[in-house]
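Here's the structure we're looking at; comments come further down.
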Amino acid sequence: MEYLGSIWIVLVAALSFGYGASRIGLPSVVGQIIAGIIIGPALLNWVKLNEILSVSADLGIILLMFLAGLECDFNQVKKYLKSATGIAICGVVLPMLVFFGLGMLLKQGMVEALFWGVIFSATSVSISVAVLQEYGKLQSVAGAVILGAAVVDDIISIVLLSLFTSFFTGSGSIAMVIGLQILYLIFLFVMVKWVVPEIIKIGMYFHDDIALAIIGIVLCFSLAELAEVCHLSSVLGAFFAGIAVGFTPARDTIEHSTNIIGYALLIPIFFVSVGLELKLVTSWNGFLIVILLTVVALLTKWVGCGLGARAFGFNWKDSNVIGAGMVSRGEMALIVAQVGLSSHLLSNHLYSEIIFVIILTTILSPIMLKWGLKK
């Protein structure tokens with residue numbers, strides 16, 4: 001019964017605060033994280049992170065990445081592949097270098113300093129898409145490049161996360177680990193190209209949306225589990241399972257069903273659980289670190305992606321919009337941070353400060369993007 005009680009409190013809080021955040025123009029995920037802070041040990045202490053909430057949060061991460069793969073628009077990516085890839089690389093390299101240096105300066109240790117770079121190299125495009133839609137700019141050149149660069153950025157971030165979790169927490173020799181990972185990537189290509197379309201084709205004979213949804217989720221969990229076996233992050237397997245299903249005629253049906261399952265239960269639990277693990281930043285030292293990291297997080301993406309866009313021939317206005325559109329770290333960085341914490345690549349020492357910085361970039365990014373579009 002205590003499990004049921006904690007689940008309904010989490011869901012009611014996620015619904016209330018998520019709706020409240022969206023009403024004032026903020027992403028609902030920000031409201032859900034704040035809900036976790038309020039009902040968790042940081043303030044009211046109504047709910048603590050227990051076993052069932054932890055498992056549900058992990059499943060929420062998997063489904064979130066499966067949906068991210070399903071929603072990838074590869075036609076847009078292919079159209080601006082060269083420039084989007086170059087911009088994404090600029091937006092990954094600069095945060096990696098600067099946050100590594102900052103982590104070492106703050107005496108975090110080499111592995112954790114490197115992982116800071118992995119966290120802040122991530123980009124969440126969902127917030128930027130909403131702003132671009134509001135201004136009718138989603139089909140513009142800048143909008144298409146932001147979408148393409150964000151997809152490439154997500155893939156790079158997931159690969160970096162997988163490499164870190166395998167090399168710093170994996171067992172066995174490095175040669176064996178690399179061999180397994182190469183085999184897994186070959187297996188992924190075969191699955192995406194031939195196996196998954198055939199499985200979906202068989203599933204469509206049932207003429208049953210529920211059966212197709214089950215097949216999609218089974219594929220997601222199977223590739224995620226196999227990724228773990230090969231010393232890669234489960235989110236990589238889930239993401240590519242979504243990409244594989246996204247190339248089939250059942251994409252819309254499976255996406256609709258998975259959205260209902262994910263966003264009605266497991267994904268809100270994940271975002272609230274992030275807040276449940278937070279401690280309030282009460283020291284001046286903590287506040288200064290949050291301010292410093294936020295400024296660096298904003299500048300490294302804005303400048304890195306903006307100058308990258310300029311280098312690929314875009315004018316200053318479009319370059320500014322592209323840079324601002326890539327600033328938001330959102331759910332992607334939250335997933336990387338959560339996986340890093342559970343894999344002991346990230347300590348509890350400055351975990352709360354890092355999550356606050358991710359939330360602040362998620363809030364500030366749409367403001368910067370709106371300013372760029374109006375200008």
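All residue names refer to the structure tokens as shown: chains lettered A, B, ... in order, residues numbered from 1 in each chain, ligands numbered from 1 in order.
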Next item on the list: List every residue of region 24-126 of chain A that DSSP, applied to the backbone of this structure, assigns to helix (DSSP H, G or I), and report them as number ranges by chain.
Entry: A: 28-39, 51-70, 74-79, 81-105, 110-120, 126
Within 10 Å of region 349-354 of chain A, which residues of region 97-160 of chain A show up? Give each one with its shortest atom-to-atom distance in Å (one decimal) and the two atoms involved, counting only C-alpha atoms, rows by chain then rising residue number, as JSON lines.
{"residue": "A:Gln108", "atom": "CA", "partner": "A:His349", "partner_atom": "CA", "distance": 9.2}
{"residue": "A:Trp116", "atom": "CA", "partner": "A:Ile354", "partner_atom": "CA", "distance": 8.7}
{"residue": "A:Ile119", "atom": "CA", "partner": "A:Ile354", "partner_atom": "CA", "distance": 9.0}
{"residue": "A:Phe120", "atom": "CA", "partner": "A:Ile354", "partner_atom": "CA", "distance": 9.4}
Item checked: Nearest residue to His207 (chain A) from the set A:Ala224, A:Ala250, A:Leu288, A:Met176 (distances using only C-alpha atoms) ->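 Among A:Ala224, A:Ala250, A:Leu288, A:Met176, it is A:Ala250 that comes nearest to His207 (chain A).
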Next item on the list: Using only C-alpha atoms, determine which residues lie at most 12 Å from region 299-309 of chain A, disregarding the query and same-chain residues fewer than 4 positions distant; provide the list as a PyMOL selection string.
Entry: chain A and resi 80+82-99+117+120-124+141-142+145-146+149-150+153+292-295+313-329+361+364-365+368-369+372
Next item on the list: Go through A:Ser234, A:Ser128, A:Ser166, A:Ser22 and flag the residue nearest Thr362 (chain A), using only C-alpha atoms for the distances.
Entry: A:Ser128
Notebook entry, point to check: Mind pulling up the distance from CA of Tyr263 (chain A) to CA of Phe356 (chain A)?
Noted result: 22.7 Å
Next item on the list: Tell me which of A:Ala21, A:Leu44, A:Leu63, A:Leu15 sits closest to Ile363 (chain A), counting only C-alpha atoms.
Entry: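 Ranking A:Ala21, A:Leu44, A:Leu63, A:Leu15 by distance to Ile363 (chain A), first place goes to A:Ala21.
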Note to self: What does the structure give for the distance between CA of Val235 (chain A) and CA of Ile61 (chain A), in Å to one decimal?
What the structure shows: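 Spanning CA of Val235 (chain A) to CA of Ile61 (chain A) is a straight-line distance of 7.2 Å.
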